[in-house]
$ cat query.cif   # mmCIF, C-alpha atoms (C1' of nucleotides)
data_query
loop_
_atom_site.group_PDB
_atom_site.id
_atom_site.type_symbol
_atom_site.label_atom_id
_atom_site.label_comp_id
_atom_site.auth_asym_id
_atom_site.auth_seq_id
_atom_site.Cartn_x
_atom_site.Cartn_y
_atom_site.Cartn_z
ATOM 1 C CA MET A 1 66.994 118.222 93.671
ATOM 2 C CA GLU A 2 64.634 121.089 93.773
ATOM 3 C CA SER A 3 60.880 121.216 93.891
ATOM 4 C CA GLU A 4 58.956 122.536 90.955
ATOM 5 C CA THR A 5 57.573 125.276 93.120
ATOM 6 C CA GLU A 6 61.037 126.473 94.046
ATOM 7 C CA LEU A 7 62.115 126.435 90.443
ATOM 8 C CA VAL A 8 59.157 128.537 89.427
ATOM 9 C CA GLY A 9 59.731 130.770 92.421
ATOM 10 C CA ARG A 10 63.338 131.338 91.427
ATOM 11 C CA TRP A 11 62.253 132.190 87.917
ATOM 12 C CA ARG A 12 59.653 134.625 89.135
ATOM 13 C CA SER A 13 62.058 136.458 91.387
ATOM 14 C CA LEU A 14 64.653 136.563 88.659
ATOM 15 C CA ALA A 15 62.079 138.028 86.302
ATOM 16 C CA THR A 16 60.803 140.522 88.829
ATOM 17 C CA CYS A 17 64.293 141.624 89.714
ATOM 18 C CA TYR A 18 65.319 141.989 86.100
ATOM 19 C CA ASN A 19 62.193 143.898 85.182
ATOM 20 C CA GLU A 20 62.526 146.130 88.199
ATOM 21 C CA VAL A 21 66.042 147.161 87.317
ATOM 22 C CA ALA A 22 65.449 147.310 83.583
ATOM 23 C CA CYS A 23 62.406 149.458 84.046
ATOM 24 C CA HIS A 24 64.186 152.016 86.234
ATOM 25 C CA LEU A 25 67.264 151.972 84.054
ATOM 26 C CA ASP A 26 65.299 152.555 80.920
ATOM 27 C CA ARG A 27 63.250 155.313 82.451
ATOM 28 C CA GLU A 28 66.180 157.207 83.920
ATOM 29 C CA LEU A 29 68.497 156.818 80.968
ATOM 30 C CA GLN A 30 65.728 158.059 78.740
ATOM 31 C CA ALA A 31 64.794 160.953 81.007
ATOM 32 C CA ARG A 32 68.292 162.188 81.754
ATOM 33 C CA HIS A 33 70.201 161.376 78.591
ATOM 34 C CA GLY A 34 67.687 160.470 75.908
ATOM 35 C CA LEU A 35 69.044 156.956 75.591
ATOM 36 C CA SER A 36 67.190 153.672 75.583
ATOM 37 C CA MET A 37 68.688 150.730 77.423
ATOM 38 C CA SER A 38 69.874 149.060 74.227
ATOM 39 C CA GLU A 39 71.373 152.285 73.030
ATOM 40 C CA PHE A 40 73.279 152.729 76.251
ATOM 41 C CA GLU A 41 74.452 149.171 76.227
ATOM 42 C CA ALA A 42 75.698 149.425 72.673
ATOM 43 C CA LEU A 43 77.542 152.609 73.529
ATOM 44 C CA ASP A 44 78.887 151.058 76.686
ATOM 45 C CA ARG A 45 80.293 148.046 74.904
ATOM 46 C CA LEU A 46 81.798 150.169 72.174
ATOM 47 C CA VAL A 47 83.524 152.433 74.661
ATOM 48 C CA GLY A 48 84.765 149.435 76.598
ATOM 49 C CA LEU A 49 86.577 147.996 73.607
ATOM 50 C CA GLN A 50 90.314 148.094 73.109
ATOM 51 C CA SER A 51 90.088 148.841 69.439
ATOM 52 C CA GLU A 52 88.026 151.855 68.603
ATOM 53 C CA LYS A 53 86.083 150.227 65.818
ATOM 54 C CA CYS A 54 83.867 147.180 65.837
ATOM 55 C CA ARG A 55 81.924 145.161 63.314
ATOM 56 C CA MET A 56 78.143 145.172 63.573
ATOM 57 C CA GLN A 57 78.057 141.428 63.902
ATOM 58 C CA THR A 58 80.444 141.352 66.807
ATOM 59 C CA LEU A 59 78.374 143.860 68.675
ATOM 60 C CA ALA A 60 75.142 142.060 67.921
ATOM 61 C CA SER A 61 76.359 138.751 69.237
ATOM 62 C CA ASP A 62 77.786 140.337 72.388
ATOM 63 C CA MET A 63 74.557 142.085 73.156
ATOM 64 C CA TYR A 64 71.326 140.226 73.479
ATOM 65 C CA LEU A 65 70.000 141.752 70.295
ATOM 66 C CA SER A 66 69.123 140.378 66.924
ATOM 67 C CA GLN A 67 71.072 141.604 63.964
ATOM 68 C CA SER A 68 68.169 143.673 62.707
ATOM 69 C CA ALA A 69 67.501 145.256 66.063
ATOM 70 C CA LEU A 70 71.142 146.205 66.335
ATOM 71 C CA SER A 71 71.126 147.701 62.872
ATOM 72 C CA ARG A 72 68.320 149.986 63.898
ATOM 73 C CA THR A 73 69.823 150.745 67.284
ATOM 74 C CA VAL A 74 73.052 151.824 65.641
ATOM 75 C CA ALA A 75 71.020 153.838 63.152
ATOM 76 C CA ARG A 76 69.404 155.723 66.031
ATOM 77 C CA LEU A 77 72.736 156.308 67.719
ATOM 78 C CA GLU A 78 74.145 157.531 64.438
ATOM 79 C CA LYS A 79 71.258 159.929 63.974
ATOM 80 C CA GLN A 80 72.080 161.408 67.362
ATOM 81 C CA GLY A 81 75.707 161.722 66.341
ATOM 82 C CA LEU A 82 76.938 159.348 69.035
ATOM 83 C CA VAL A 83 78.492 156.796 66.735
ATOM 84 C CA GLU A 84 79.634 156.697 63.151
ATOM 85 C CA ARG A 85 79.401 153.937 60.630
ATOM 86 C CA ALA A 86 82.386 153.445 58.420
ATOM 87 C CA LEU A 87 82.818 151.056 55.559
ATOM 88 C CA CYS A 88 85.566 148.545 55.826
ATOM 89 C CA GLU A 89 87.863 149.072 52.895
ATOM 90 C CA PHE A 90 89.031 145.500 52.747
ATOM 91 C CA ASP A 91 85.666 143.862 52.884
ATOM 92 C CA ARG A 92 83.052 146.228 51.632
ATOM 93 C CA ARG A 93 80.254 144.089 53.033
ATOM 94 C CA GLY A 94 81.499 144.914 56.491
ATOM 95 C CA VAL A 95 80.543 147.981 58.467
ATOM 96 C CA PHE A 96 82.529 149.380 61.327
ATOM 97 C CA VAL A 97 80.943 151.249 64.154
ATOM 98 C CA ARG A 98 82.928 153.819 66.064
ATOM 99 C CA VAL A 99 82.009 156.038 68.981
ATOM 100 C CA THR A 100 82.338 159.730 68.326
ATOM 101 C CA GLU A 101 83.660 162.245 70.825
ATOM 102 C CA HIS A 102 80.122 163.321 71.519
ATOM 103 C CA GLY A 103 79.236 159.699 72.093
ATOM 104 C CA ARG A 104 82.057 159.267 74.561
ATOM 105 C CA ARG A 105 80.994 162.327 76.454
ATOM 106 C CA LEU A 106 77.373 161.280 76.674
ATOM 107 C CA HIS A 107 78.383 157.788 77.652
ATOM 108 C CA GLY A 108 80.450 159.193 80.480
ATOM 109 C CA GLU A 109 77.453 161.029 81.825
ATOM 110 C CA ALA A 110 75.028 158.174 81.310
ATOM 111 C CA ARG A 111 77.400 155.758 83.019
ATOM 112 C CA GLU A 112 76.905 157.632 86.261
ATOM 113 C CA THR A 113 73.182 157.235 85.995
ATOM 114 C CA HIS A 114 73.606 153.614 85.090
ATOM 115 C CA LEU A 115 75.729 152.885 88.138
ATOM 116 C CA THR A 116 73.448 154.829 90.425
ATOM 117 C CA ILE A 117 70.391 152.933 89.305
ATOM 118 C CA LEU A 118 72.152 149.600 89.577
ATOM 119 C CA GLY A 119 73.270 150.485 93.056
ATOM 120 C CA GLU A 120 69.804 151.468 94.089
ATOM 121 C CA HIS A 121 67.821 148.658 92.563
ATOM 122 C CA LEU A 122 70.192 145.775 92.174
ATOM 123 C CA ALA A 123 72.111 145.946 95.420
ATOM 124 C CA PRO A 124 69.496 144.624 97.834
ATOM 125 C CA ALA A 125 69.484 141.284 96.037
ATOM 126 C CA ALA A 126 73.260 140.970 96.257
ATOM 127 C CA PRO A 127 74.315 139.492 99.598
ATOM 128 C CA PRO A 128 75.807 136.026 99.120
ATOM 129 C CA ALA A 129 74.172 134.889 102.338
ATOM 130 C CA VAL A 130 71.113 133.925 100.432
ATOM 131 C CA THR A 131 68.273 133.936 102.833
ATOM 132 C CA HIS A 132 66.052 132.221 100.393
ATOM 133 C CA VAL A 133 62.564 133.473 101.011
ATOM 134 C CA MET B 1 80.990 147.675 99.681
ATOM 135 C CA GLU B 2 81.217 146.388 96.185
ATOM 136 C CA SER B 3 83.238 147.605 93.251
ATOM 137 C CA GLU B 4 81.493 149.236 90.352
ATOM 138 C CA THR B 5 82.794 146.547 88.069
ATOM 139 C CA GLU B 6 81.226 143.829 90.167
ATOM 140 C CA LEU B 7 77.960 145.660 90.262
ATOM 141 C CA VAL B 8 77.910 145.974 86.500
ATOM 142 C CA GLY B 9 79.013 142.378 86.183
ATOM 143 C CA ARG B 10 76.172 141.218 88.380
ATOM 144 C CA TRP B 11 73.746 143.205 86.279
ATOM 145 C CA ARG B 12 75.086 141.781 83.063
ATOM 146 C CA SER B 13 74.818 138.220 84.257
ATOM 147 C CA LEU B 14 71.352 138.851 85.602
ATOM 148 C CA ALA B 15 70.332 140.275 82.258
ATOM 149 C CA THR B 16 71.969 137.498 80.288
ATOM 150 C CA CYS B 17 70.386 134.849 82.444
ATOM 151 C CA TYR B 18 66.968 136.421 82.244
ATOM 152 C CA ASN B 19 67.163 136.876 78.499
ATOM 153 C CA GLU B 20 68.422 133.379 78.009
ATOM 154 C CA VAL B 21 65.512 131.838 79.871
ATOM 155 C CA ALA B 22 62.921 134.259 78.552
ATOM 156 C CA CYS B 23 64.028 133.686 75.015
ATOM 157 C CA HIS B 24 63.797 129.903 75.245
ATOM 158 C CA LEU B 25 60.546 130.068 77.154
ATOM 159 C CA ASP B 26 58.958 132.363 74.646
ATOM 160 C CA ARG B 27 60.158 130.359 71.713
ATOM 161 C CA GLU B 28 59.009 127.004 73.051
ATOM 162 C CA LEU B 29 55.694 128.164 74.438
ATOM 163 C CA GLN B 30 54.987 129.769 71.112
ATOM 164 C CA ALA B 31 56.076 126.800 69.063
ATOM 165 C CA ARG B 32 54.346 124.108 71.094
ATOM 166 C CA HIS B 33 51.256 125.866 72.380
ATOM 167 C CA GLY B 34 50.891 129.125 70.503
ATOM 168 C CA LEU B 35 51.270 131.178 73.659
ATOM 169 C CA SER B 36 53.484 134.150 74.341
ATOM 170 C CA MET B 37 55.213 134.420 77.694
ATOM 171 C CA SER B 38 52.777 137.045 78.976
ATOM 172 C CA GLU B 39 49.864 134.984 77.808
ATOM 173 C CA PHE B 40 51.124 131.933 79.627
ATOM 174 C CA GLU B 41 51.838 133.897 82.741
ATOM 175 C CA ALA B 42 48.373 135.403 82.786
ATOM 176 C CA LEU B 43 46.836 131.988 82.318
ATOM 177 C CA ASP B 44 49.121 130.537 84.966
ATOM 178 C CA ARG B 45 48.156 133.108 87.544
ATOM 179 C CA LEU B 46 44.479 132.755 86.767
ATOM 180 C CA VAL B 47 44.588 128.994 87.135
ATOM 181 C CA GLY B 48 46.521 129.312 90.367
ATOM 182 C CA LEU B 49 43.820 131.391 92.001
ATOM 183 C CA GLN B 50 41.414 130.120 94.625
ATOM 184 C CA SER B 51 38.479 131.970 93.222
ATOM 185 C CA GLU B 52 37.783 131.298 89.608
ATOM 186 C CA LYS B 53 37.358 134.921 88.642
ATOM 187 C CA CYS B 54 39.733 137.833 88.928
ATOM 188 C CA ARG B 55 39.626 141.557 88.234
ATOM 189 C CA MET B 56 41.807 142.869 85.440
ATOM 190 C CA GLN B 57 43.538 145.218 87.822
ATOM 191 C CA THR B 58 44.496 142.514 90.246
ATOM 192 C CA LEU B 59 46.060 140.519 87.468
ATOM 193 C CA ALA B 60 47.892 143.511 86.063
ATOM 194 C CA SER B 61 49.483 144.429 89.357
ATOM 195 C CA ASP B 62 50.546 140.838 90.047
ATOM 196 C CA MET B 63 52.192 140.530 86.688
ATOM 197 C CA TYR B 64 54.848 142.887 85.438
ATOM 198 C CA LEU B 65 52.529 144.324 82.837
ATOM 199 C CA SER B 66 50.968 147.689 82.343
ATOM 200 C CA GLN B 67 47.227 147.989 82.451
ATOM 201 C CA SER B 68 47.005 148.470 78.721
ATOM 202 C CA ALA B 69 49.295 145.569 77.954
ATOM 203 C CA LEU B 70 47.173 143.323 80.136
ATOM 204 C CA SER B 71 44.012 144.491 78.460
ATOM 205 C CA ARG B 72 45.459 143.458 75.122
ATOM 206 C CA THR B 73 46.879 140.208 76.463
ATOM 207 C CA VAL B 74 43.507 139.214 77.840
ATOM 208 C CA ALA B 75 41.943 140.221 74.539
ATOM 209 C CA ARG B 76 44.269 137.831 72.743
ATOM 210 C CA LEU B 77 43.572 135.040 75.185
ATOM 211 C CA GLU B 78 39.883 135.662 74.782
ATOM 212 C CA LYS B 79 40.156 135.488 71.017
ATOM 213 C CA GLN B 80 41.719 132.071 71.408
ATOM 214 C CA GLY B 81 38.908 131.033 73.695
ATOM 215 C CA LEU B 82 41.191 130.473 76.666
ATOM 216 C CA VAL B 83 39.577 133.002 78.985
ATOM 217 C CA GLU B 84 36.285 134.836 79.171
ATOM 218 C CA ARG B 85 35.557 138.348 80.252
ATOM 219 C CA ALA B 86 32.500 138.888 82.390
ATOM 220 C CA LEU B 87 31.038 142.094 83.721
ATOM 221 C CA CYS B 88 30.955 142.531 87.431
ATOM 222 C CA GLU B 89 27.372 143.118 88.482
ATOM 223 C CA PHE B 90 28.240 145.131 91.547
ATOM 224 C CA ASP B 91 30.692 147.490 89.943
ATOM 225 C CA ARG B 92 29.937 147.717 86.285
ATOM 226 C CA ARG B 93 33.265 149.410 85.636
ATOM 227 C CA GLY B 94 34.973 146.221 86.662
ATOM 228 C CA VAL B 95 35.657 143.244 84.427
ATOM 229 C CA PHE B 96 36.195 139.724 85.626
ATOM 230 C CA VAL B 97 38.446 137.350 83.797
ATOM 231 C CA ARG B 98 37.837 133.634 84.041
ATOM 232 C CA VAL B 99 39.697 130.704 82.538
ATOM 233 C CA THR B 100 37.637 128.477 80.289
ATOM 234 C CA GLU B 101 37.903 124.706 80.220
ATOM 235 C CA HIS B 102 39.888 124.963 77.045
ATOM 236 C CA GLY B 103 42.168 127.422 78.805
ATOM 237 C CA ARG B 104 42.703 125.044 81.701
ATOM 238 C CA ARG B 105 43.554 122.227 79.389
ATOM 239 C CA LEU B 106 46.045 124.250 77.382
ATOM 240 C CA HIS B 107 47.578 125.610 80.552
ATOM 241 C CA GLY B 108 48.083 122.084 81.829
ATOM 242 C CA GLU B 109 50.020 121.217 78.708
ATOM 243 C CA ALA B 110 51.990 124.432 78.576
ATOM 244 C CA ARG B 111 52.957 124.101 82.224
ATOM 245 C CA GLU B 112 54.981 121.026 81.380
ATOM 246 C CA THR B 113 56.895 122.922 78.759
ATOM 247 C CA HIS B 114 57.356 125.810 81.150
ATOM 248 C CA LEU B 115 58.850 123.601 83.833
ATOM 249 C CA THR B 116 61.043 121.766 81.394
ATOM 250 C CA ILE B 117 62.526 124.948 80.021
ATOM 251 C CA LEU B 118 63.080 126.383 83.481
ATOM 252 C CA GLY B 119 64.808 123.188 84.518
ATOM 253 C CA GLU B 120 67.044 123.266 81.506
ATOM 254 C CA HIS B 121 67.983 126.894 81.408
ATOM 255 C CA LEU B 122 67.522 128.274 84.882
ATOM 256 C CA ALA B 123 69.066 125.616 87.053
ATOM 257 C CA PRO B 124 72.696 125.915 85.937
ATOM 258 C CA ALA B 125 72.727 129.632 86.622
ATOM 259 C CA ALA B 126 72.010 129.228 90.323
ATOM 260 C CA PRO B 127 75.556 129.330 91.767
ATOM 261 C CA PRO B 128 76.809 132.873 92.430
ATOM 262 C CA ALA B 129 79.994 132.266 90.430
ATOM 263 C CA VAL B 130 78.575 132.801 87.001
ATOM 264 C CA THR B 131 80.927 131.494 84.366
ATOM 265 C CA HIS B 132 79.727 133.578 81.498
ATOM 266 C CA VAL B 133 79.681 131.823 78.092
ATOM 267 C "C1'" DA C 1 86.226 136.958 32.863
ATOM 268 C "C1'" DC C 2 81.756 134.826 34.281
ATOM 269 C "C1'" DG C 3 78.539 132.696 37.298
ATOM 270 C "C1'" DC C 4 77.035 131.068 41.492
ATOM 271 C "C1'" DA C 5 76.872 130.055 46.545
ATOM 272 C "C1'" DC C 6 77.360 132.442 50.548
ATOM 273 C "C1'" DA C 7 78.042 136.372 54.068
ATOM 274 C "C1'" DA C 8 77.081 141.167 56.034
ATOM 275 C "C1'" DG C 9 73.873 144.590 56.532
ATOM 276 C "C1'" DA C 10 69.625 147.019 55.448
ATOM 277 C "C1'" DT C 11 64.811 146.966 54.862
ATOM 278 C "C1'" DT C 12 60.021 145.548 55.191
ATOM 279 C "C1'" DC C 13 56.290 143.688 57.690
ATOM 280 C "C1'" DT C 14 53.973 142.295 61.683
ATOM 281 C "C1'" DG C 15 52.979 142.192 66.505
ATOM 282 C "C1'" DA C 16 53.488 143.999 71.336
ATOM 283 C "C1'" DC C 17 54.256 147.519 74.573
ATOM 284 C "C1'" DG C 18 53.799 152.234 76.919
ATOM 285 C "C1'" DC C 19 51.782 156.652 77.092
ATOM 286 C "C1'" DA C 20 48.060 159.442 76.730
ATOM 287 C "C1'" DT C 21 43.365 159.794 75.911
ATOM 288 C "C1'" DT C 22 38.675 158.180 75.935
ATOM 289 C "C1'" DT C 23 34.511 155.910 77.610
ATOM 290 C "C1'" DA C 24 31.782 154.509 81.197
ATOM 291 C "C1'" DA C 25 30.548 153.910 85.968
ATOM 292 C "C1'" DT C 26 31.085 155.150 90.955
ATOM 293 C "C1'" DG C 27 30.414 158.013 94.853
ATOM 294 C "C1'" DC C 28 30.720 162.327 97.192
ATOM 295 C "C1'" DG C 29 29.105 167.059 98.146
ATOM 296 C "C1'" DC C 30 25.465 169.992 97.608
ATOM 297 C "C1'" DG D 1 18.759 164.620 91.531
ATOM 298 C "C1'" DC D 2 23.048 166.992 89.483
ATOM 299 C "C1'" DG D 3 27.709 168.052 88.677
ATOM 300 C "C1'" DC D 4 32.492 166.723 89.421
ATOM 301 C "C1'" DA D 5 36.648 164.222 90.743
ATOM 302 C "C1'" DT D 6 38.048 159.526 90.500
ATOM 303 C "C1'" DT D 7 38.630 154.873 88.963
ATOM 304 C "C1'" DA D 8 38.295 150.592 85.567
ATOM 305 C "C1'" DA D 9 39.138 149.273 81.374
ATOM 306 C "C1'" DA D 10 39.603 150.083 76.298
ATOM 307 C "C1'" DT D 11 41.862 152.302 72.441
ATOM 308 C "C1'" DG D 12 44.665 155.385 69.136
ATOM 309 C "C1'" DC D 13 49.226 156.340 68.257
ATOM 310 C "C1'" DG D 14 54.134 156.087 68.086
ATOM 311 C "C1'" DT D 15 58.114 153.171 68.890
ATOM 312 C "C1'" DC D 16 60.728 149.101 69.013
ATOM 313 C "C1'" DA D 17 61.859 144.108 68.496
ATOM 314 C "C1'" DG D 18 62.100 139.904 65.673
ATOM 315 C "C1'" DA D 19 61.435 137.157 61.286
ATOM 316 C "C1'" DA D 20 61.698 137.082 56.636
ATOM 317 C "C1'" DT D 21 63.334 139.171 52.669
ATOM 318 C "C1'" DC D 22 66.252 142.048 49.754
ATOM 319 C "C1'" DT D 23 70.698 144.082 48.364
ATOM 320 C "C1'" DT D 24 75.341 144.270 47.771
ATOM 321 C "C1'" DG D 25 79.810 142.420 47.911
ATOM 322 C "C1'" DT D 26 83.149 138.373 48.313
ATOM 323 C "C1'" DG D 27 85.526 134.429 46.752
ATOM 324 C "C1'" DC D 28 85.802 130.190 44.452
ATOM 325 C "C1'" DG D 29 85.440 127.079 40.439
ATOM 326 C "C1'" DT D 30 85.664 126.883 35.682
#

$ encode --input "query.cif" --output "structure tokens"
Amino acid sequence: MESETELVGRWRSLATCYNEVACHLDRELQARHGLSMSEFEALDRLVGLQSEKCRMQTLASDMYLSQSALSRTVARLEKQGLVERALCEFDRRGVFVRVTEHGRRLHGEARETHLTILGEHLAPAAPPAVTHV
Amino acid sequence: MESETELVGRWRSLATCYNEVACHLDRELQARHGLSMSEFEALDRLVGLQSEKCRMQTLASDMYLSQSALSRTVARLEKQGLVERALCEFDRRGVFVRVTEHGRRLHGEARETHLTILGEHLAPAAPPAVTHV
DNA sequence: ACGCACAAGATTCTGACGCATTTAATGCGC
DNA sequence: GCGCATTAAATGCGTCAGAATCTTGTGCGT
């Protein structure tokens, strides 16, 4: 069993750590590639897929984004020419999202930044020998 | 050294975990006490202080909030009668924030919810082997 | 073929944040 | 005492997220 104080402490460090990384990630991705964190993540997941197309829904549930937020995120990506929306011919309610060549290229560049930032700001918390402060 | 994949994996689980907890926290605090996460945190820190008053600045730097966000958060809390702003007589630029009785009472109630949610959603994520989903 | 319940996305509305700017007060040099 | 750089906090503005709502399309029952 764990004391309430420890529980709260764990939560606070988790939050601090997350915010720290998220903040740097967002700032750098924006500065160097003009991408927000959500935009990068969407791109990242799309590129990581086997199939080249993906339904909106699928993406939304994978990412921690509401359906409406994803819709707008994809809209922004589309406006930048990084992804394309394509209607599904079999079920015209459905919308497929596909990364464009430009999107792939930008993702490749942004991935470097992403990894760098993670390395810099996430690493120190890593070691399994948890010297719990 | 750690593989890139692991690094990204660690980041994703950190993010998922944080979002999971934050989402539940926010939802429950809002539903049961009408407080947002930032509002609760501000209240929590204020109540936890030795002295009963605190400068805006101090609060802002403790919390992961920008100065402007804090200003607005305190404004909301004030509107609900949970805190009061008071001018500092020695440095009239400064503003003190103080929890009201009402604020203390609500904080006491919300703290229970806070702890419950943390217990439910933070605890299981502790082990380093994060079995995602 | 028609109607109706339901599903996928888009859209609208509201609220919060960050950035940049503004207002007001301090204190330092002269 | 008077200007000027600096600091504390507030505020206008643009952007983004979530909730609720709207639109369009599907598929089933008759």

$ atom_distance --input "query.cif" --atom1 "CA of Arg105 in chain A" --atom2 "CA of Glu84 in chain A"
14.5 Å

$ resolve_selection --input "query.cif" --expression "the PyMOL selection byres ((chain D and resi 29) around 10)" --output "number ranges by chain"
C: 3-4; D: 27-28, 30

$ atom_distance --input "query.cif" --atom1 "CA of Val74 in chain B" --atom2 "CA of Ala42 in chain B"
7.9 Å

$ residues_around --input "query.cif" --residues "DA17 in chain D" --least-positions-apart "6" --cutoff "12 Å" --atoms "all atoms listed in the file" --output "CSV table (one decimal) with C-alpha atoms (C1' of nucleotides), in the frame of the given file"
chain,number,residue,atom,x,y,z
A,38,SER,CA,69.9,149.1,74.2
A,64,TYR,CA,71.3,140.2,73.5
A,65,LEU,CA,70.0,141.8,70.3
A,66,SER,CA,69.1,140.4,66.9
A,67,GLN,CA,71.1,141.6,64.0
A,68,SER,CA,68.2,143.7,62.7
A,69,ALA,CA,67.5,145.3,66.1
A,70,LEU,CA,71.1,146.2,66.3
A,71,SER,CA,71.1,147.7,62.9
A,72,ARG,CA,68.3,150.0,63.9
A,73,THR,CA,69.8,150.7,67.3
C,14,DT,C1',54.0,142.3,61.7
C,15,DG,C1',53.0,142.2,66.5
C,16,DA,C1',53.5,144.0,71.3
C,17,DC,C1',54.3,147.5,74.6

$ resolve_selection --input "query.cif" --expression "the PyMOL selection byres ((chain C) within 9 of (chain A))" --output "PyMOL selection string"
chain C and resi 7-10

$ write_last_selection --input "query.cif" --atoms "C-alpha atoms (C1' of nucleotides)" --output "tab-separated table (two decimals), in the frame of the given file"
chain	number	residue	atom	x	y	z
C	7	DA	C1'	78.04	136.37	54.07
C	8	DA	C1'	77.08	141.17	56.03
C	9	DG	C1'	73.87	144.59	56.53
C	10	DA	C1'	69.62	147.02	55.45

$ calpha_fit_rmsd --input "query.cif" --fixed "chain B" --moving "chain A"
1.8 Å

$ resolve_selection --input "query.cif" --expression "the PyMOL selection byres ((chain C and resi 12) around 9)" --output "number ranges by chain"
C: 11, 13; D: 20-22

$ closest_residue --input "query.cif" --among "B:Ala75, B:Met63, B:Leu43, B:Cys54" --to "chain A" --atoms "all atoms listed in the file"
B:Met63

$ interface_residues --input "query.cif" --of "chain D" --to "chain A" --cutoff "10 Å" --atoms "all atoms listed in the file" --output "list in words"
DC16, DA17, DG18, DA19, DT24, DG25 and DT26 of chain D

$ atom_distance --input "query.cif" --atom1 "CA of Leu25 in chain A" --atom2 "CA of Ala60 in chain A"
20.5 Å

$ interface_residues --input "query.cif" --of "chain B" --to "chain A" --cutoff "7 Å" --atoms "all atoms listed in the file" --output "count of residues only"
3

$ residues_around --input "query.cif" --residues "DT6 in chain D" --least-positions-apart "4" --cutoff "12 Å" --atoms "all atoms listed in the file" --output "PDB file with C-alpha atoms (C1' of nucleotides), in the coordinates of the input"
ATOM      1  C1'  DA C  25      30.548 153.910  85.968  1.00  0.00           C
ATOM      2  C1'  DT C  26      31.085 155.150  90.955  1.00  0.00           C
ATOM      3  C1'  DG C  27      30.414 158.013  94.853  1.00  0.00           C
ATOM      4  C1'  DC C  28      30.720 162.327  97.192  1.00  0.00           C
TER       5       DC C  28
END

$ residues_around --input "query.cif" --residues "Ala110 in chain A" --least-positions-apart "4" --cutoff "8 Å" --atoms "only C-alpha atoms (C1' of nucleotides)" --output "list in words"
Leu29, Arg32, His33, Phe40, Leu106 and His114 of chain A
